[in-house]
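What follows is the content of work_27.cif (mmCIF, C-alpha atoms).
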```
data_data
#
loop_
_atom_site.label_atom_id
_atom_site.label_comp_id
_atom_site.auth_asym_id
_atom_site.auth_seq_id
_atom_site.Cartn_x
_atom_site.Cartn_y
_atom_site.Cartn_z
CA MET A 1265 21.51 -15.62 -7.09
CA VAL A 1266 20.66 -13.76 -10.29
CA THR A 1267 18.02 -11.04 -9.86
CA PRO A 1268 15.31 -11.39 -12.53
CA ILE A 1269 14.92 -8.51 -14.98
CA PRO A 1270 11.64 -6.70 -14.28
CA HIS A 1271 9.13 -6.49 -17.10
CA ILE A 1272 8.13 -2.85 -17.67
CA ALA A 1273 5.12 -2.05 -19.85
CA VAL A 1274 4.71 1.51 -21.15
CA VAL A 1275 1.15 2.55 -22.08
CA ILE A 1276 0.59 5.47 -24.46
CA PRO A 1277 -2.87 6.62 -25.65
CA THR A 1278 -2.85 8.46 -28.98
CA PHE A 1279 -5.11 10.64 -31.05
CA ASN A 1280 -3.55 12.55 -33.95
CA GLU A 1281 0.04 12.13 -32.76
CA ARG A 1282 1.60 11.11 -36.08
CA GLU A 1283 4.20 13.88 -35.78
CA ASN A 1284 5.32 12.70 -32.33
CA ILE A 1285 4.81 8.96 -31.89
CA GLU A 1286 7.81 7.71 -33.86
CA ALA A 1287 10.26 10.01 -32.08
CA LEU A 1288 8.81 9.03 -28.69
CA VAL A 1289 8.94 5.29 -29.34
CA GLU A 1290 12.50 5.48 -30.64
CA LYS A 1291 13.62 7.53 -27.64
CA ILE A 1292 12.12 5.03 -25.20
CA PHE A 1293 13.73 1.99 -26.78
CA SER A 1294 17.04 3.80 -27.31
CA LEU A 1295 17.38 3.94 -23.52
CA GLY A 1296 18.34 0.29 -23.70
CA ILE A 1297 16.29 -0.73 -20.66
CA PRO A 1298 15.89 -4.51 -20.68
CA GLY A 1299 12.41 -5.95 -20.33
CA VAL A 1300 10.53 -2.94 -21.77
CA THR A 1301 7.43 -3.45 -23.91
CA MET A 1302 4.83 -0.96 -25.04
CA ILE A 1303 1.12 -0.66 -25.77
CA VAL A 1304 -0.20 2.17 -27.94
CA VAL A 1305 -3.97 2.72 -27.77
CA ASP A 1306 -5.05 4.69 -30.83
CA ASP A 1307 -8.52 6.15 -31.19
CA ASN A 1308 -8.74 5.86 -34.99
CA SER A 1309 -6.60 8.96 -35.50
CA PRO A 1310 -7.48 10.70 -38.79
CA ASP A 1311 -3.81 11.58 -39.29
CA GLY A 1312 -2.75 7.93 -39.44
CA THR A 1313 -1.05 7.63 -36.05
CA GLY A 1314 -2.25 4.04 -35.75
CA SER A 1315 -0.57 3.06 -39.01
CA VAL A 1316 2.72 4.62 -37.92
CA ALA A 1317 2.51 2.74 -34.64
CA GLU A 1318 1.90 -0.53 -36.53
CA MET A 1319 5.05 0.05 -38.58
CA LEU A 1320 7.02 0.66 -35.38
CA SER A 1321 5.69 -2.61 -33.97
CA ILE A 1322 7.64 -4.49 -36.65
CA LYS A 1323 10.88 -3.17 -35.20
CA HIS A 1324 10.04 -2.99 -31.48
CA PRO A 1325 8.10 -5.03 -28.87
CA LEU A 1326 5.08 -2.79 -29.29
CA GLN A 1327 1.42 -3.72 -29.51
CA VAL A 1328 -1.19 -1.41 -31.02
CA ILE A 1329 -4.81 -1.42 -29.89
CA HIS A 1330 -7.06 0.23 -32.46
CA ARG A 1331 -10.36 1.68 -31.27
CA VAL A 1332 -13.04 2.70 -33.73
CA GLU A 1333 -13.54 6.21 -32.37
CA LYS A 1334 -12.25 8.75 -29.88
CA GLN A 1335 -13.35 7.51 -26.44
CA GLY A 1336 -11.17 9.47 -24.03
CA LEU A 1337 -7.90 9.17 -22.16
CA GLY A 1338 -9.20 7.34 -19.12
CA THR A 1339 -10.92 4.57 -21.06
CA ALA A 1340 -7.76 4.06 -23.16
CA TYR A 1341 -5.65 3.50 -20.05
CA ILE A 1342 -8.20 1.18 -18.48
CA LEU A 1343 -8.38 -0.92 -21.64
CA ALA A 1344 -4.59 -1.28 -21.79
CA PHE A 1345 -4.26 -1.95 -18.05
CA LYS A 1346 -6.88 -4.70 -18.20
CA LYS A 1347 -5.15 -6.29 -21.17
CA LEU A 1348 -1.81 -6.29 -19.34
CA LEU A 1349 -3.36 -7.81 -16.22
CA SER A 1350 -5.29 -10.50 -18.08
CA VAL A 1351 -2.34 -12.38 -19.54
CA ASP A 1352 -0.65 -15.43 -18.03
CA PHE A 1353 1.09 -14.61 -14.74
CA ARG A 1354 4.53 -15.24 -16.24
CA GLU A 1355 3.87 -12.59 -18.89
CA LYS A 1356 2.39 -9.92 -16.63
CA PRO A 1357 4.47 -6.75 -16.22
CA ASP A 1358 6.05 -5.98 -12.86
CA TYR A 1359 5.70 -2.24 -13.45
CA ILE A 1360 3.34 -0.27 -15.68
CA ILE A 1361 4.20 3.24 -16.87
CA GLN A 1362 1.71 5.68 -18.37
CA MET A 1363 2.82 8.73 -20.31
CA ASP A 1364 1.66 11.22 -22.94
CA ALA A 1365 2.39 10.75 -26.63
CA ASP A 1366 3.28 14.36 -27.40
CA LEU A 1367 6.91 14.39 -26.14
CA SER A 1368 5.98 16.53 -23.14
CA HIS A 1369 7.31 13.75 -20.90
CA ASP A 1370 11.04 13.04 -21.10
CA PRO A 1371 11.57 9.29 -21.64
CA CYS A 1372 14.81 9.47 -19.64
CA VAL A 1373 12.68 9.81 -16.49
CA ILE A 1374 11.72 6.15 -16.97
CA LEU A 1375 15.20 5.28 -15.69
CA GLU A 1376 14.54 7.25 -12.49
CA MET A 1377 11.11 5.69 -12.11
CA ARG A 1378 12.55 2.20 -12.47
CA SER A 1379 14.93 2.95 -9.61
CA ALA A 1380 12.40 4.73 -7.35
CA ILE A 1381 9.66 2.09 -7.72
CA LYS A 1382 11.85 -0.44 -5.89
CA ASP A 1383 10.92 1.26 -2.61
CA HIS A 1384 7.42 2.50 -3.49
CA ASP A 1385 4.21 1.38 -5.15
CA VAL A 1386 3.40 4.42 -7.31
CA ILE A 1387 5.78 7.03 -8.70
CA ILE A 1388 4.37 10.36 -9.87
CA GLY A 1389 6.40 12.40 -12.35
CA SER A 1390 5.70 15.73 -10.69
CA ARG A 1391 5.84 19.22 -12.15
CA TYR A 1392 5.16 20.83 -8.78
CA THR A 1393 7.41 19.04 -6.31
CA ARG A 1394 10.80 20.61 -5.54
CA GLY A 1395 12.91 20.53 -8.70
CA GLY A 1396 9.95 20.13 -11.06
CA GLU A 1397 9.43 22.59 -13.92
CA ILE A 1398 7.10 23.48 -16.78
CA GLU A 1399 8.43 24.89 -20.03
CA ASN A 1400 6.52 26.94 -22.62
CA TRP A 1401 3.21 27.31 -20.78
CA GLU A 1402 1.45 30.66 -20.69
CA PHE A 1403 0.26 32.06 -17.35
CA SER A 1404 -3.39 31.05 -17.83
CA ARG A 1405 -2.47 27.40 -18.41
CA ARG A 1406 -0.19 27.35 -15.35
CA PHE A 1407 -2.88 28.96 -13.23
CA LEU A 1408 -5.53 26.49 -14.37
CA SER A 1409 -3.28 23.50 -13.70
CA LYS A 1410 -2.13 24.66 -10.27
CA SER A 1411 -5.65 25.65 -9.26
CA GLY A 1412 -7.00 22.26 -10.33
CA ASN A 1413 -4.34 20.47 -8.32
CA PHE A 1414 -4.97 22.61 -5.25
CA TYR A 1415 -8.74 22.09 -5.49
CA ALA A 1416 -8.43 18.31 -5.80
CA ARG A 1417 -5.81 18.07 -3.03
CA VAL A 1418 -7.97 20.01 -0.58
CA ILE A 1419 -11.24 18.23 -1.38
CA LEU A 1420 -9.67 14.76 -1.35
CA GLY A 1421 -7.20 15.34 1.48
CA LEU A 1422 -4.18 14.24 -0.55
CA PRO A 1423 -0.61 15.31 0.29
CA TYR A 1424 0.84 15.06 -3.22
CA ARG A 1425 1.75 18.17 -5.19
CA ASP A 1426 0.87 16.99 -8.73
CA ILE A 1427 -2.06 14.60 -8.69
CA THR A 1428 -3.07 15.53 -12.26
CA SER A 1429 0.26 14.37 -13.71
CA GLY A 1430 -0.06 11.98 -16.63
CA PHE A 1431 3.43 10.51 -16.12
CA LYS A 1432 3.29 7.69 -13.56
CA CYS A 1433 4.74 4.29 -12.77
CA TYR A 1434 2.69 1.66 -10.91
CA ARG A 1435 3.56 -1.67 -9.44
CA ARG A 1436 1.27 -4.21 -11.05
CA GLU A 1437 -0.30 -4.97 -7.66
CA VAL A 1438 -1.65 -1.41 -7.42
CA LEU A 1439 -3.70 -1.73 -10.59
CA GLU A 1440 -4.85 -5.18 -9.53
CA ASN A 1441 -6.25 -3.77 -6.28
CA ILE A 1442 -7.86 -0.41 -7.10
CA ASP A 1443 -10.79 -1.94 -9.04
CA LEU A 1444 -10.36 -0.72 -12.61
CA ASP A 1445 -14.06 -1.29 -13.27
CA SER A 1446 -14.90 1.40 -10.71
CA LEU A 1447 -12.94 4.06 -12.62
CA ASN A 1448 -15.27 6.17 -14.73
CA SER A 1449 -13.33 9.28 -15.72
CA VAL A 1450 -13.14 9.91 -19.45
CA GLY A 1451 -10.60 12.74 -19.41
CA TYR A 1452 -7.78 13.99 -17.23
CA ASN A 1453 -9.70 13.36 -14.01
CA PHE A 1454 -8.53 9.78 -14.50
CA GLN A 1455 -5.17 10.90 -13.13
CA ILE A 1456 -6.78 12.14 -9.92
CA GLU A 1457 -9.02 9.12 -9.56
CA THR A 1458 -6.21 6.55 -9.76
CA ILE A 1459 -4.03 8.34 -7.21
CA TYR A 1460 -6.93 8.83 -4.82
CA LYS A 1461 -7.87 5.15 -4.92
CA ALA A 1462 -4.24 4.03 -4.53
CA HIS A 1463 -3.85 6.40 -1.57
CA LYS A 1464 -7.01 5.12 0.09
CA LYS A 1465 -5.70 1.55 -0.29
CA GLY A 1466 -2.54 2.52 1.60
CA PHE A 1467 -0.07 2.15 -1.25
CA ARG A 1468 3.24 3.98 -0.97
CA ILE A 1469 3.20 6.95 -3.35
CA CYS A 1470 6.25 9.08 -4.16
CA GLU A 1471 6.79 12.13 -6.35
CA ILE A 1472 9.94 12.71 -8.37
CA PRO A 1473 10.57 16.01 -10.17
CA ILE A 1474 10.18 16.23 -13.95
CA THR A 1475 10.46 18.99 -16.50
CA PHE A 1476 7.22 19.10 -18.47
CA THR A 1477 7.64 20.56 -21.96
CA GLU A 1478 4.65 21.76 -23.95
CA ARG A 1479 4.07 19.72 -27.10
CA ARG A 1480 6.11 20.67 -30.15
CA ALA A 1481 3.57 19.42 -32.69
CA GLY A 1482 -0.17 18.82 -32.77
CA VAL A 1483 -2.96 20.27 -30.66
CA SER A 1484 -3.58 19.95 -26.92
CA LYS A 1485 -6.56 17.76 -25.98
CA MET A 1486 -7.50 19.94 -22.97
CA ASN A 1487 -10.94 21.57 -23.29
CA PHE A 1488 -13.77 22.94 -21.16
CA PRO A 1489 -15.78 19.67 -20.85
CA ILE A 1490 -12.66 17.93 -19.51
CA ILE A 1491 -12.14 20.69 -16.94
CA LEU A 1492 -15.80 20.51 -15.93
CA GLU A 1493 -15.61 16.73 -15.55
CA SER A 1494 -12.68 17.07 -13.16
CA PHE A 1495 -14.53 19.64 -11.04
CA TRP A 1496 -17.64 17.58 -10.32
CA LYS A 1497 -16.02 14.17 -10.30
CA VAL A 1498 -13.61 15.25 -7.57
CA LEU A 1499 -16.66 16.06 -5.45
CA LYS A 1500 -18.20 12.71 -6.38
CA LEU A 1501 -15.00 10.89 -5.38
CA ARG A 1502 -14.98 12.59 -2.00
CA PHE A 1503 -18.65 12.48 -1.09
CA GLY A 1504 -20.07 9.70 -3.26
CA LYS A 1505 -20.59 6.17 -2.06
#
```
Kindly present the structure from the file in structure tokens form.
Amino acid sequence: MVTPIPHIAVVIPTFNERENIEALVEKIFSLGIPGVTMIVVDDNSPDGTGSVAEMLSIKHPLQVIHRVEKQGLGTAYILAFKKLLSVDFREKPDYIIQMDADLSHDPCVILEMRSAIKDHDVIIGSRYTRGGEIENWEFSRRFLSKSGNFYARVILGLPYRDITSGFKCYRREVLENIDLDSLNSVGYNFQIETIYKAHKKGFRICEIPITFTERRAGVSKMNFPIILESFWKVLKLRFGK
């Protein structure tokens, strides 16, 4: 009996990633993984990222969702996830991968995720599990990231080392069962919120080590309001109704 080829959808939110998006898309499709499609959600990037993505869609199985303004990372993922889950069952992806647009996530890890997801429900590309690394981050950024992870892990009672990672692979069933309408994080707290809800539902979550490389071009989207959102929304996740 021939095993069907799984459909893998890669979701990438963008805002001013013109210098990175083409290289990332080409690297992903050059892996030669059958059944891979992509959705780019662009928040009306002033640098023309959306137009570059549209040109790439002529060559690759890539769909571009254009939003009229910058609305945040979390809402971009939710929009793309809902679109992927709303199509005819035969067209729905088996696995959904989320990753950053700035080349900080190595596309080659998708191969490892595709293998690991066979025995799990969620795969986290982890900077902090054994074998994981971060390149080109100053001490203050490392401290902030590790402190944020430790804080969220303790408050939420989660065993995973890198719950703020933006590089993940989900089985479709996970996103169908965690109630996307209940997710309300605009920024990076979205990463914590999805893992917490998947954990509470009893899904099997595994971390695999990745090397995270600081962006080569463009500007990081991390800022104080995003950090503040993560602080209070972790408390709301734990103690809210």
Worksheet item: Which residues match the PyMOL selection byres ((chain A and resi 1423) around 12) in the file above, as a VMD selection string?
Response: chain A and resid 1393 1413 to 1414 1416 to 1422 1424 to 1427 1459 to 1460 1463 1469 to 1471
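When CA of Gly1296 in chain A is paired with CA of Asn1400 in chain A, their separation reads 29.2 Å.
Across the structure, CA of Asp1311 in chain A and CA of Arg1391 in chain A are spaced 29.8 Å apart.
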Ground truth for the PyMOL selection byres ((chain A and resi 1281) around 7), written as a tab-separated table (two decimals) with C-alpha atoms, in the coordinates of the input:
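File produced: expr.tsv:
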```tsv
chain	number	residue	atom	x	y	z
A	1278	THR	CA	-2.85	8.46	-28.98
A	1279	PHE	CA	-5.11	10.64	-31.05
A	1280	ASN	CA	-3.55	12.55	-33.95
A	1282	ARG	CA	1.60	11.11	-36.08
A	1283	GLU	CA	4.20	13.88	-35.78
A	1284	ASN	CA	5.32	12.70	-32.33
A	1285	ILE	CA	4.81	8.96	-31.89
A	1313	THR	CA	-1.05	7.63	-36.05
A	1365	ALA	CA	2.39	10.75	-26.63
A	1366	ASP	CA	3.28	14.36	-27.40
A	1482	GLY	CA	-0.17	18.82	-32.77
```
Item to complete: Rank nothing, just name the residue among A:Val1305, A:Val1373, A:Val1316, A:Val1498 nearest to Ile1292 in chain A, using all atoms listed in the file.
Response: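 Smallest separation from Ile1292 in chain A among the options: A:Val1373.
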Discussion item. I want to know what sits within 7 Å of Leu1326 in chain A, based on all atoms listed in the file, with residues of the same chain fewer than 5 positions away left out; could you give that as a list of chain:residue names?
Written reply: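 Residues near the query, excluding close chain neighbours: A:Thr1301, A:Met1302, A:Ile1303, A:Ser1321.
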Taking the file as shown, find all residues satisfying the PyMOL selection byres ((chain A and resi 1277) around 9) and write them as a PDB file with C-alpha atoms, in the coordinates of the input.
```pdb
ATOM      1  CA  VAL A1275       1.150   2.550 -22.080  1.00  0.00           C
ATOM      2  CA  ILE A1276       0.590   5.470 -24.460  1.00  0.00           C
ATOM      3  CA  THR A1278      -2.850   8.460 -28.980  1.00  0.00           C
ATOM      4  CA  PHE A1279      -5.110  10.640 -31.050  1.00  0.00           C
ATOM      5  CA  ILE A1303       1.120  -0.660 -25.770  1.00  0.00           C
ATOM      6  CA  VAL A1304      -0.200   2.170 -27.940  1.00  0.00           C
ATOM      7  CA  VAL A1305      -3.970   2.720 -27.770  1.00  0.00           C
ATOM      8  CA  ASP A1306      -5.050   4.690 -30.830  1.00  0.00           C
ATOM      9  CA  ASP A1307      -8.520   6.150 -31.190  1.00  0.00           C
ATOM     10  CA  GLY A1336     -11.170   9.470 -24.030  1.00  0.00           C
ATOM     11  CA  LEU A1337      -7.900   9.170 -22.160  1.00  0.00           C
ATOM     12  CA  ALA A1340      -7.760   4.060 -23.160  1.00  0.00           C
ATOM     13  CA  TYR A1341      -5.650   3.500 -20.050  1.00  0.00           C
ATOM     14  CA  ALA A1344      -4.590  -1.280 -21.790  1.00  0.00           C
ATOM     15  CA  GLN A1362       1.710   5.680 -18.370  1.00  0.00           C
ATOM     16  CA  MET A1363       2.820   8.730 -20.310  1.00  0.00           C
ATOM     17  CA  ASP A1364       1.660  11.220 -22.940  1.00  0.00           C
ATOM     18  CA  ALA A1365       2.390  10.750 -26.630  1.00  0.00           C
TER      19      ALA A1365
END
```
Practice prompt. Please identify all polymer residues within 10 Å of Lys1497 in chain A, counting all atoms listed in the file, omitting same-chain residues fewer than 4 positions from it, and present them as a PyMOL selection string.
Written response: chain A and resi 1416+1448-1449+1453-1454+1456-1457+1492-1493+1501-1504
N, CA and C atoms modelled onto range 1319-1352 of chain A, as a PDB file, keeping the file's coordinate frame:
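Result file follows (rebuild-v2.pdb):
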```pdb
ATOM      1  N   MET A1319       3.749   0.191 -37.936  1.00  0.00           N
ATOM      2  CA  MET A1319       5.050   0.050 -38.580  1.00  0.00           C
ATOM      3  C   MET A1319       6.156  -0.051 -37.525  1.00  0.00           C
ATOM      4  N   LEU A1320       6.025   0.706 -36.459  1.00  0.00           N
ATOM      5  CA  LEU A1320       7.020   0.660 -35.380  1.00  0.00           C
ATOM      6  C   LEU A1320       6.984  -0.677 -34.658  1.00  0.00           C
ATOM      7  N   SER A1321       5.821  -1.332 -34.663  1.00  0.00           N
ATOM      8  CA  SER A1321       5.690  -2.610 -33.970  1.00  0.00           C
ATOM      9  C   SER A1321       6.468  -3.725 -34.678  1.00  0.00           C
ATOM     10  N   ILE A1322       6.826  -3.517 -35.930  1.00  0.00           N
ATOM     11  CA  ILE A1322       7.640  -4.490 -36.650  1.00  0.00           C
ATOM     12  C   ILE A1322       9.064  -4.502 -36.103  1.00  0.00           C
ATOM     13  N   LYS A1323       9.500  -3.346 -35.668  1.00  0.00           N
ATOM     14  CA  LYS A1323      10.880  -3.170 -35.200  1.00  0.00           C
ATOM     15  C   LYS A1323      11.010  -3.355 -33.694  1.00  0.00           C
ATOM     16  N   HIS A1324       9.959  -3.011 -32.942  1.00  0.00           N
ATOM     17  CA  HIS A1324      10.040  -2.990 -31.480  1.00  0.00           C
ATOM     18  C   HIS A1324       8.959  -3.870 -30.853  1.00  0.00           C
ATOM     19  N   PRO A1325       9.154  -4.275 -29.575  1.00  0.00           N
ATOM     20  CA  PRO A1325       8.100  -5.030 -28.870  1.00  0.00           C
ATOM     21  C   PRO A1325       6.956  -4.107 -28.466  1.00  0.00           C
ATOM     22  N   LEU A1326       6.151  -3.784 -29.433  1.00  0.00           N
ATOM     23  CA  LEU A1326       5.080  -2.790 -29.290  1.00  0.00           C
ATOM     24  C   LEU A1326       3.788  -3.380 -29.834  1.00  0.00           C
ATOM     25  N   GLN A1327       2.737  -3.259 -29.079  1.00  0.00           N
ATOM     26  CA  GLN A1327       1.420  -3.720 -29.510  1.00  0.00           C
ATOM     27  C   GLN A1327       0.503  -2.514 -29.698  1.00  0.00           C
ATOM     28  N   VAL A1328      -0.267  -2.520 -30.752  1.00  0.00           N
ATOM     29  CA  VAL A1328      -1.190  -1.410 -31.020  1.00  0.00           C
ATOM     30  C   VAL A1328      -2.622  -1.894 -30.841  1.00  0.00           C
ATOM     31  N   ILE A1329      -3.375  -1.174 -30.036  1.00  0.00           N
ATOM     32  CA  ILE A1329      -4.810  -1.420 -29.890  1.00  0.00           C
ATOM     33  C   ILE A1329      -5.537  -0.333 -30.659  1.00  0.00           C
ATOM     34  N   HIS A1330      -6.326  -0.734 -31.641  1.00  0.00           N
ATOM     35  CA  HIS A1330      -7.060   0.230 -32.460  1.00  0.00           C
ATOM     36  C   HIS A1330      -8.512   0.293 -31.975  1.00  0.00           C
ATOM     37  N   ARG A1331      -8.948   1.480 -31.632  1.00  0.00           N
ATOM     38  CA  ARG A1331     -10.360   1.680 -31.270  1.00  0.00           C
ATOM     39  C   ARG A1331     -11.050   2.405 -32.419  1.00  0.00           C
ATOM     40  N   VAL A1332     -12.337   2.195 -32.547  1.00  0.00           N
ATOM     41  CA  VAL A1332     -13.040   2.700 -33.730  1.00  0.00           C
ATOM     42  C   VAL A1332     -13.336   4.185 -33.684  1.00  0.00           C
ATOM     43  N   GLU A1333     -13.259   4.784 -32.489  1.00  0.00           N
ATOM     44  CA  GLU A1333     -13.540   6.210 -32.370  1.00  0.00           C
ATOM     45  C   GLU A1333     -12.866   6.765 -31.133  1.00  0.00           C
ATOM     46  N   LYS A1334     -12.857   8.083 -31.024  1.00  0.00           N
ATOM     47  CA  LYS A1334     -12.250   8.750 -29.880  1.00  0.00           C
ATOM     48  C   LYS A1334     -13.133   8.537 -28.645  1.00  0.00           C
ATOM     49  N   GLN A1335     -12.578   7.870 -27.627  1.00  0.00           N
ATOM     50  CA  GLN A1335     -13.350   7.510 -26.440  1.00  0.00           C
ATOM     51  C   GLN A1335     -12.783   8.087 -25.148  1.00  0.00           C
ATOM     52  N   GLY A1336     -11.678   8.814 -25.224  1.00  0.00           N
ATOM     53  CA  GLY A1336     -11.170   9.470 -24.030  1.00  0.00           C
ATOM     54  C   GLY A1336      -9.947   8.796 -23.435  1.00  0.00           C
ATOM     55  N   LEU A1337      -9.165   9.604 -22.754  1.00  0.00           N
ATOM     56  CA  LEU A1337      -7.900   9.170 -22.160  1.00  0.00           C
ATOM     57  C   LEU A1337      -8.082   8.078 -21.126  1.00  0.00           C
ATOM     58  N   GLY A1338      -9.010   8.293 -20.213  1.00  0.00           N
ATOM     59  CA  GLY A1338      -9.200   7.340 -19.120  1.00  0.00           C
ATOM     60  C   GLY A1338      -9.562   5.954 -19.607  1.00  0.00           C
ATOM     61  N   THR A1339     -10.492   5.875 -20.561  1.00  0.00           N
ATOM     62  CA  THR A1339     -10.920   4.570 -21.060  1.00  0.00           C
ATOM     63  C   THR A1339      -9.785   3.870 -21.821  1.00  0.00           C
ATOM     64  N   ALA A1340      -8.911   4.645 -22.449  1.00  0.00           N
ATOM     65  CA  ALA A1340      -7.760   4.060 -23.160  1.00  0.00           C
ATOM     66  C   ALA A1340      -6.818   3.393 -22.166  1.00  0.00           C
ATOM     67  N   TYR A1341      -6.531   4.092 -21.067  1.00  0.00           N
ATOM     68  CA  TYR A1341      -5.650   3.500 -20.050  1.00  0.00           C
ATOM     69  C   TYR A1341      -6.268   2.262 -19.432  1.00  0.00           C
ATOM     70  N   ILE A1342      -7.541   2.327 -19.109  1.00  0.00           N
ATOM     71  CA  ILE A1342      -8.200   1.180 -18.480  1.00  0.00           C
ATOM     72  C   ILE A1342      -8.161  -0.037 -19.399  1.00  0.00           C
ATOM     73  N   LEU A1343      -8.420   0.171 -20.680  1.00  0.00           N
ATOM     74  CA  LEU A1343      -8.380  -0.920 -21.640  1.00  0.00           C
ATOM     75  C   LEU A1343      -7.003  -1.569 -21.676  1.00  0.00           C
ATOM     76  N   ALA A1344      -5.955  -0.743 -21.739  1.00  0.00           N
ATOM     77  CA  ALA A1344      -4.590  -1.280 -21.790  1.00  0.00           C
ATOM     78  C   ALA A1344      -4.210  -1.962 -20.484  1.00  0.00           C
ATOM     79  N   PHE A1345      -4.580  -1.348 -19.351  1.00  0.00           N
ATOM     80  CA  PHE A1345      -4.260  -1.950 -18.050  1.00  0.00           C
ATOM     81  C   PHE A1345      -4.911  -3.329 -17.922  1.00  0.00           C
ATOM     82  N   LYS A1346      -6.176  -3.420 -18.301  1.00  0.00           N
ATOM     83  CA  LYS A1346      -6.880  -4.700 -18.200  1.00  0.00           C
ATOM     84  C   LYS A1346      -6.226  -5.753 -19.093  1.00  0.00           C
ATOM     85  N   LYS A1347      -5.803  -5.350 -20.260  1.00  0.00           N
ATOM     86  CA  LYS A1347      -5.150  -6.290 -21.170  1.00  0.00           C
ATOM     87  C   LYS A1347      -3.846  -6.802 -20.555  1.00  0.00           C
ATOM     88  N   LEU A1348      -3.076  -5.909 -19.954  1.00  0.00           N
ATOM     89  CA  LEU A1348      -1.810  -6.290 -19.340  1.00  0.00           C
ATOM     90  C   LEU A1348      -2.008  -7.212 -18.142  1.00  0.00           C
ATOM     91  N   LEU A1349      -3.098  -7.014 -17.423  1.00  0.00           N
ATOM     92  CA  LEU A1349      -3.360  -7.810 -16.220  1.00  0.00           C
ATOM     93  C   LEU A1349      -4.053  -9.130 -16.520  1.00  0.00           C
ATOM     94  N   SER A1350      -4.514  -9.302 -17.748  1.00  0.00           N
ATOM     95  CA  SER A1350      -5.290 -10.500 -18.080  1.00  0.00           C
ATOM     96  C   SER A1350      -4.447 -11.637 -18.652  1.00  0.00           C
ATOM     97  N   VAL A1351      -3.190 -11.354 -18.942  1.00  0.00           N
ATOM     98  CA  VAL A1351      -2.340 -12.380 -19.540  1.00  0.00           C
ATOM     99  C   VAL A1351      -1.861 -13.371 -18.491  1.00  0.00           C
ATOM    100  N   ASP A1352      -1.228 -14.443 -18.940  1.00  0.00           N
ATOM    101  CA  ASP A1352      -0.650 -15.430 -18.030  1.00  0.00           C
ATOM    102  C   ASP A1352       0.291 -14.765 -17.044  1.00  0.00           C
TER     103      ASP A1352
END
```
